[in-house]
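Novice: Structure file entry.csv (CSV, C-alpha atoms and all ligand atoms) is given on the next line.
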chain,number,residue,atom,x,y,z
A,1,MET,CA,9.8,16.4,-13.0
A,2,GLN,CA,6.2,16.4,-14.2
A,3,ARG,CA,3.7,18.0,-11.9
A,4,PRO,CA,0.5,16.0,-11.4
A,5,LYS,CA,-2.7,17.8,-12.5
A,6,THR,CA,-5.3,16.4,-10.1
A,7,ASN,CA,-4.4,14.0,-7.4
A,8,ILE,CA,-5.4,12.9,-3.9
A,9,VAL,CA,-2.9,15.3,-2.4
A,10,GLY,CA,-5.4,18.0,-3.2
A,11,LEU,CA,-8.3,16.0,-1.9
A,12,TYR,CA,-6.6,15.2,1.4
A,13,ASP,CA,-8.3,17.3,4.1
A,14,PRO,CA,-6.9,16.9,7.6
A,15,GLU,CA,-10.2,17.9,9.2
A,16,THR,CA,-12.4,15.0,7.7
A,17,PRO,CA,-13.4,12.0,9.7
A,18,MET,CA,-11.4,9.9,7.3
A,19,ALA,CA,-8.2,11.8,8.0
A,20,ILE,CA,-8.8,11.4,11.7
A,21,GLU,CA,-9.2,7.6,11.3
A,22,PHE,CA,-5.9,7.6,9.3
A,23,ARG,CA,-4.1,9.5,12.1
A,24,ARG,CA,-5.5,7.0,14.6
A,25,LEU,CA,-4.3,4.1,12.4
A,26,TYR,CA,-0.8,5.7,12.1
A,27,SER,CA,-0.5,6.1,15.9
A,28,ARG,CA,-1.6,2.5,16.5
A,29,LEU,CA,0.9,1.3,14.0
A,30,GLN,CA,3.7,3.1,15.8
A,31,TYR,CA,2.5,1.8,19.1
A,32,LYS,CA,2.3,-1.8,17.8
A,33,GLN,CA,5.9,-1.6,16.6
A,34,ASN,CA,7.2,-0.5,20.0
A,35,GLY,CA,9.4,2.1,18.5
A,36,LYS,CA,10.8,-0.3,15.9
A,37,PRO,CA,10.6,1.1,12.4
A,38,ASN,CA,7.5,-0.3,10.7
A,39,SER,CA,9.1,-0.2,7.3
A,40,PRO,CA,8.6,-1.6,4.8
A,41,LEU,CA,4.9,-1.7,5.6
A,42,LEU,CA,2.9,-4.0,3.3
A,43,ILE,CA,-0.7,-3.3,2.6
A,44,THR,CA,-2.7,-6.3,1.3
A,45,SER,CA,-6.0,-8.2,1.3
A,46,ALA,CA,-7.5,-11.5,0.5
A,47,SER,CA,-9.3,-10.5,-2.7
A,48,HIS,CA,-9.8,-7.6,-5.2
A,49,GLY,CA,-11.3,-4.2,-4.5
A,50,GLU,CA,-11.0,-4.1,-0.7
A,51,GLY,CA,-9.5,-0.7,-0.5
A,52,LYS,CA,-5.7,-1.5,-0.4
A,53,THR,CA,-4.6,1.2,-2.8
A,54,THR,CA,-6.9,3.9,-1.3
A,55,THR,CA,-5.5,3.0,2.2
A,56,ALA,CA,-1.9,3.0,1.0
A,57,GLY,CA,-2.3,6.4,-0.6
A,58,PHE,CA,-4.1,8.1,2.4
A,59,LEU,CA,-1.8,6.5,4.9
A,60,ALA,CA,1.3,7.9,3.1
A,61,LEU,CA,-0.2,11.4,3.1
A,62,THR,CA,-1.1,11.1,6.7
A,63,ILE,CA,2.3,10.0,7.8
A,64,ALA,CA,4.0,12.8,5.7
A,65,ARG,CA,1.8,15.3,7.5
A,66,GLN,CA,2.2,13.9,11.0
A,67,SER,CA,5.9,13.3,10.9
A,68,ASP,CA,9.0,14.6,9.1
A,69,LYS,CA,9.5,11.1,7.6
A,70,ARG,CA,10.4,10.8,3.9
A,71,VAL,CA,7.9,8.3,2.6
A,72,LEU,CA,8.1,6.2,-0.5
A,73,LEU,CA,4.8,4.8,-1.7
A,74,VAL,CA,5.3,1.8,-3.9
A,75,ASP,CA,2.9,0.2,-6.4
A,76,PHE,CA,3.8,-3.5,-6.4
A,77,ASP,CA,0.5,-4.5,-7.9
A,78,LEU,CA,1.8,-5.1,-11.4
A,79,HIS,CA,-1.5,-6.8,-12.4
A,80,ARG,CA,-3.9,-3.9,-11.7
A,81,PRO,CA,-1.7,-0.9,-11.0
A,82,ARG,CA,-3.6,2.1,-9.7
A,83,ILE,CA,-1.4,4.2,-7.4
A,84,HIS,CA,-0.4,6.3,-10.5
A,85,THR,CA,-4.1,7.2,-11.1
A,86,LEU,CA,-4.6,8.3,-7.5
A,87,PHE,CA,-1.7,10.8,-7.9
A,88,GLY,CA,-2.3,11.7,-11.6
A,89,ILE,CA,1.2,10.6,-12.7
A,90,PRO,CA,2.4,8.3,-15.5
A,91,LEU,CA,2.4,4.5,-15.0
A,92,ARG,CA,5.6,3.8,-17.0
A,93,ASP,CA,9.1,3.9,-15.5
A,94,GLY,CA,8.6,2.3,-12.1
A,95,ALA,CA,8.7,-1.0,-10.2
A,96,SER,CA,8.8,-3.3,-13.3
A,97,GLU,CA,11.9,-1.5,-14.7
A,98,LEU,CA,13.6,-1.5,-11.3
A,99,ILE,CA,13.0,-5.2,-10.7
A,100,GLN,CA,14.3,-6.0,-14.2
A,101,GLY,CA,17.4,-4.0,-13.5
A,102,VAL,CA,16.9,-1.6,-16.4
A,103,ALA,CA,16.5,1.5,-14.3
A,104,THR,CA,17.8,2.8,-10.9
A,105,LEU,CA,15.4,3.7,-8.1
A,106,GLU,CA,16.5,7.3,-8.2
A,107,SER,CA,15.7,7.6,-11.9
A,108,VAL,CA,12.2,6.2,-11.7
A,109,VAL,CA,10.8,7.7,-8.4
A,110,LYS,CA,8.2,10.4,-9.1
A,111,ASP,CA,6.9,13.5,-7.2
A,112,SER,CA,3.5,13.0,-5.6
A,113,GLY,CA,2.7,16.7,-5.2
A,114,ASN,CA,3.6,16.4,-1.4
A,115,PRO,CA,7.3,17.1,-0.8
A,116,ASN,CA,7.5,14.3,1.8
A,117,VAL,CA,5.9,11.6,-0.3
A,118,SER,CA,7.6,10.1,-3.4
A,119,VAL,CA,6.0,7.5,-5.6
A,120,LEU,CA,7.3,4.4,-7.3
A,121,THR,CA,4.6,3.6,-9.9
A,122,ALA,CA,4.1,0.0,-11.1
A,123,GLY,CA,6.0,0.8,-14.3
A,124,THR,CA,5.5,-0.5,-17.8
A,125,MET,CA,3.1,-3.4,-17.8
A,126,VAL,CA,4.7,-6.8,-18.4
A,127,ARG,CA,3.0,-9.9,-19.7
A,128,SER,CA,3.7,-12.1,-16.7
A,129,PRO,CA,4.2,-9.9,-13.6
A,130,ALA,CA,4.4,-13.0,-11.3
A,131,SER,CA,7.7,-14.0,-13.1
A,132,LEU,CA,9.3,-10.8,-11.8
A,133,PHE,CA,8.5,-11.7,-8.2
A,134,GLU,CA,11.6,-13.7,-7.6
A,135,PRO,CA,12.6,-13.4,-3.9
A,136,GLU,CA,16.2,-12.4,-4.5
A,137,SER,CA,15.3,-9.5,-6.9
A,138,ILE,CA,12.5,-8.3,-4.7
A,139,LYS,CA,14.8,-8.4,-1.6
A,140,ARG,CA,17.4,-6.4,-3.5
A,141,VAL,CA,15.0,-3.6,-4.6
A,142,ILE,CA,13.3,-3.4,-1.2
A,143,GLY,CA,16.7,-3.0,0.3
A,144,GLN,CA,17.5,-0.1,-2.0
A,145,MET,CA,14.2,1.6,-1.1
A,146,SER,CA,14.7,1.1,2.7
A,147,ALA,CA,18.2,2.6,2.4
A,148,ALA,CA,16.9,5.7,0.7
A,149,TYR,CA,13.6,6.5,2.6
A,150,ASP,CA,12.5,6.6,6.2
A,151,LEU,CA,9.3,4.7,5.5
A,152,VAL,CA,8.4,2.5,2.6
A,153,ILE,CA,4.7,1.7,2.1
A,154,ILE,CA,3.9,-1.1,-0.4
A,155,ASP,CA,0.6,-1.5,-2.2
A,156,SER,CA,0.2,-5.1,-3.4
A,157,PRO,CA,-2.1,-7.5,-5.3
A,158,PRO,CA,-4.6,-9.5,-3.3
A,159,LEU,CA,-3.4,-12.8,-1.8
A,160,LEU,CA,-5.8,-15.3,-3.2
A,161,PRO,CA,-5.7,-14.7,-7.0
A,162,VAL,CA,-1.9,-14.2,-7.4
A,163,SER,CA,1.2,-15.4,-5.6
A,164,ASP,CA,3.3,-12.1,-5.8
A,165,THR,CA,2.3,-10.9,-2.3
A,166,MET,CA,3.5,-14.2,-0.8
A,167,VAL,CA,7.0,-13.2,-1.9
A,168,LEU,CA,6.6,-9.6,-0.5
A,169,ALA,CA,5.0,-10.5,2.9
A,170,PRO,CA,8.0,-12.1,4.6
A,171,LEU,CA,10.3,-9.3,3.4
A,172,ALA,CA,8.0,-6.6,5.0
A,173,GLU,CA,8.6,-5.5,8.6
A,174,ALA,CA,4.9,-5.2,9.1
A,175,VAL,CA,1.7,-6.2,7.2
A,176,LEU,CA,-1.6,-4.5,7.3
A,177,PHE,CA,-4.6,-6.6,6.1
A,178,ILE,CA,-7.5,-4.8,4.6
A,179,VAL,CA,-11.1,-6.2,4.6
A,180,MET,CA,-14.0,-4.5,2.8
A,181,ALA,CA,-17.0,-5.2,5.1
A,182,GLY,CA,-20.0,-6.8,3.5
A,183,LYS,CA,-18.1,-7.7,0.3
A,184,THR,CA,-15.6,-10.5,1.0
A,185,PRO,CA,-16.9,-13.8,2.4
A,186,ARG,CA,-15.6,-14.8,5.8
A,187,ASP,CA,-13.8,-17.9,4.5
A,188,VAL,CA,-12.0,-15.9,1.8
A,189,VAL,CA,-10.8,-13.5,4.5
A,190,SER,CA,-9.5,-16.3,6.7
A,191,ARG,CA,-7.9,-18.0,3.7
A,192,GLY,CA,-6.0,-14.8,3.0
A,193,ARG,CA,-4.9,-14.5,6.6
A,194,GLY,CA,-3.9,-18.1,6.6
A,195,LEU,CA,-1.6,-17.5,3.6
A,196,LEU,CA,0.1,-14.7,5.5
A,197,GLU,CA,0.6,-17.0,8.5
A,198,ASP,CA,2.1,-19.7,6.1
A,199,VAL,CA,4.9,-17.3,5.2
A,200,ASN,CA,5.3,-16.1,8.8
A,201,ALA,CA,4.3,-12.5,7.9
A,202,ASN,CA,4.3,-10.0,10.8
A,203,LEU,CA,0.6,-9.1,10.6
A,204,VAL,CA,0.2,-6.0,12.8
A,205,GLY,CA,-3.5,-5.2,12.2
A,206,VAL,CA,-6.6,-5.3,10.2
A,207,VAL,CA,-8.4,-2.3,8.6
A,208,LEU,CA,-12.1,-2.9,8.2
A,209,ASN,CA,-13.5,-0.7,5.5
A,210,ASN,CA,-17.1,0.4,5.0
A,211,SER,CA,-17.9,-1.2,8.4
A,212,ARG,CA,-21.4,0.3,8.6
A,213,GLY,CA,-22.1,0.4,4.9
A,214,VAL,CA,-24.7,3.1,5.1
A,215,LEU,CA,-22.6,6.2,5.7
A,216,PRO,CA,-20.2,7.7,3.2
A,217,TYR,CA,-17.1,5.5,3.1
A,218,TYR,CA,-14.8,8.1,4.7
A,219,TYR,CA,-16.6,7.6,7.9
A,220,ASN,CA,-15.9,3.9,7.8
A,221,TYR,CA,-12.3,3.1,8.5
A,222,LYS,CA,-11.9,0.9,11.5
A,223,TYR,CA,-8.6,-0.5,12.8
A,224,TYR,CA,-8.3,-3.7,14.7
A,225,GLY,CA,-5.0,-4.5,16.2
A,226,TYR,CA,-3.9,-8.0,17.3
B,1,LIG,N1,-13.4,2.6,3.1
B,1,LIG,C1,-14.0,2.4,2.0
B,1,LIG,N2,-15.4,2.3,2.0
B,1,LIG,C2,-16.0,2.2,0.8
B,1,LIG,N3,-15.4,2.1,-0.4
B,1,LIG,C3,-14.1,2.3,-0.5
B,1,LIG,C4,-13.3,2.4,0.7
B,1,LIG,N4,-12.0,2.5,0.4
B,1,LIG,C5,-12.0,2.4,-1.0
B,1,LIG,N5,-13.2,2.3,-1.5
B,1,LIG,C6,-13.6,2.1,-2.9
B,1,LIG,O1,-13.5,0.7,-3.2
B,1,LIG,C7,-12.9,0.6,-4.6
B,1,LIG,C8,-11.7,-0.3,-4.5
B,1,LIG,O2,-10.7,0.5,-3.8
B,1,LIG,P1,-9.2,0.2,-4.0
B,1,LIG,O3,-8.8,0.4,-5.5
B,1,LIG,O4,-8.4,1.1,-3.0
B,1,LIG,O5,-9.1,-1.3,-3.6
B,1,LIG,P2,-8.0,-2.4,-3.9
B,1,LIG,O6,-8.0,-3.4,-2.8
B,1,LIG,O7,-6.7,-1.7,-4.1
B,1,LIG,O8,-8.4,-3.0,-5.2
B,1,LIG,P3,-7.6,-4.0,-6.2
B,1,LIG,O9,-7.5,-5.4,-5.5
B,1,LIG,O10,-8.4,-4.0,-7.5
B,1,LIG,O11,-6.2,-3.4,-6.4
B,1,LIG,C9,-12.7,2.0,-5.1
B,1,LIG,O12,-13.8,2.4,-5.9
B,1,LIG,C10,-12.6,2.8,-3.8
B,1,LIG,O13,-13.0,4.2,-4.1
B,2,MG,MG,-5.3,-1.8,-5.6
As structure tokens, how would this structure be written, given the file I've shared?
Specialist:
Amino acid sequence: MQRPKTNIVGLYDPETPMAIEFRRLYSRLQYKQNGKPNSPLLITSASHGEGKTTTAGFLALTIARQSDKRVLLVDFDLHRPRIHTLFGIPLRDGASELIQGVATLESVVKDSGNPNVSVLTAGTMVRSPASLFEPESIKRVIGQMSAAYDLVIIDSPPLLPVSDTMVLAPLAEAVLFIVMAGKTPRDVVSRGRGLLEDVNANLVGVVLNNSRGVLPYYYNYKYYGY
């Protein structure tokens, strides 16, 4: 299997304030679930560029370090896939092939560079990603992932521009909602949360990124539980 050249595994430093915030987030997530497995865990937001992918990547590495869980990090943002760039691995052969039934999970999962974290990239780009988000197929592939890994973390597209996440949310055991402070208008944030409520998603918390806006961003992860 191809080894990534540069990726966030090498950048992850357990001593940074960011890593401390992610450990805090992980312990709060465990606490919230009252011992129930919080998998699959879906990461989403109302609009673009709120830090979903960054959060998903660092959370996966944090959990791998804190526990002996085998984590699968999934890029289900087939519109603007980015998990592969975080880990320096190829985009092709991933979620789109799996959903279309032309590849098995085992054949498309890639190494992250951390032995406890495997990655399912978004796969070969398709013209109409939304057409792949048919509830029965998504349920089938999520079932396969859950059977093979202790924890499945799913990165997803934003709720307002596309409907894919509305299919994913009710299939997730827990949903983490990301908000980039100072960027997304309040009514957009509430509309996103409203959409999650519409599908009875289990919203377990909100991560507020860049909350002070003046310090480097790695100081600025904040977690608010419900
Ligand atoms: N806590 C943070 N504070 C400030 N900037 C951040 C933070 N987290 C991520 N960023 C930056 O914000 C940008 C968007 O991050 P990211 O790609 O993780 O967001 P996203 O929600 O996945 O975006 P998209 O909706 O396009 O998929 C990146 O440049 C990233 O480095
Ligand atoms: Mg993203």
Novice: Go through A:Gly88, A:His79, A:Val167, A:Gly123 one by one, measure the shortest atom-to-atom distance of each to A:Asp198 using only C-alpha atoms, and give the residue with the smallest value.
Specialist: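 Of A:Gly88, A:His79, A:Val167, A:Gly123, the one nearest A:Asp198, counting only C-alpha atoms, is A:Val167.
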Novice: Could the residues that lie within 7 Å of ligand LIG 1 (chain B), counting only C-alpha atoms and all ligand atoms, be listed as an NGL selection string?
Specialist: :A and (45 or 47-55 or 77 or 80-82 or 157-158 or 180 or 209-210 or 217-218 or 220-221)
Novice: Compare A:Thr165, A:Asn200, A:Thr44, A:Gln30 by their minimum atom-to-atom distance to ligand MG 2 (chain B), counting all atoms listed in the file, and give me the closest one.
Specialist: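 Smallest separation from ligand MG 2 (chain B) among the options: A:Thr44.
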Novice: Work out how far atom CA of A:Val71 is from atom CA of A:Leu151, in Å to one decimal.
Specialist: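 Distance between the two atoms: 4.8 Å.
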Novice: Can you measure atom CA of A:Ala174 to atom CA of A:Phe133 for me? One decimal in Å is fine.
Specialist: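 Straight-line distance from atom CA of A:Ala174 to atom CA of A:Phe133 works out to 18.8 Å.
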Novice: Residues within 10 Å of A:Leu86, please, as a count of residues only. Count only C-alpha atoms; anything in the same chain fewer than 2 positions from it doesn't count.
Specialist: 14
Novice: Every residue with an atom at most 10 Å from (11.7, -7.2, -5.6) (file coordinates; all atoms listed in the file) is what I'm after, so could you write them as a ChimeraX atom specification?
Specialist: /A:76,95-96,98-100,132-144,164,167-168,171
Novice: Closest to A:Arg186 among A:Leu29, A:Ile20, A:Val206, A:Ala46, using all atoms listed in the file?
Specialist: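 Checking each candidate against A:Arg186, we get A:Ala46 as the closest.
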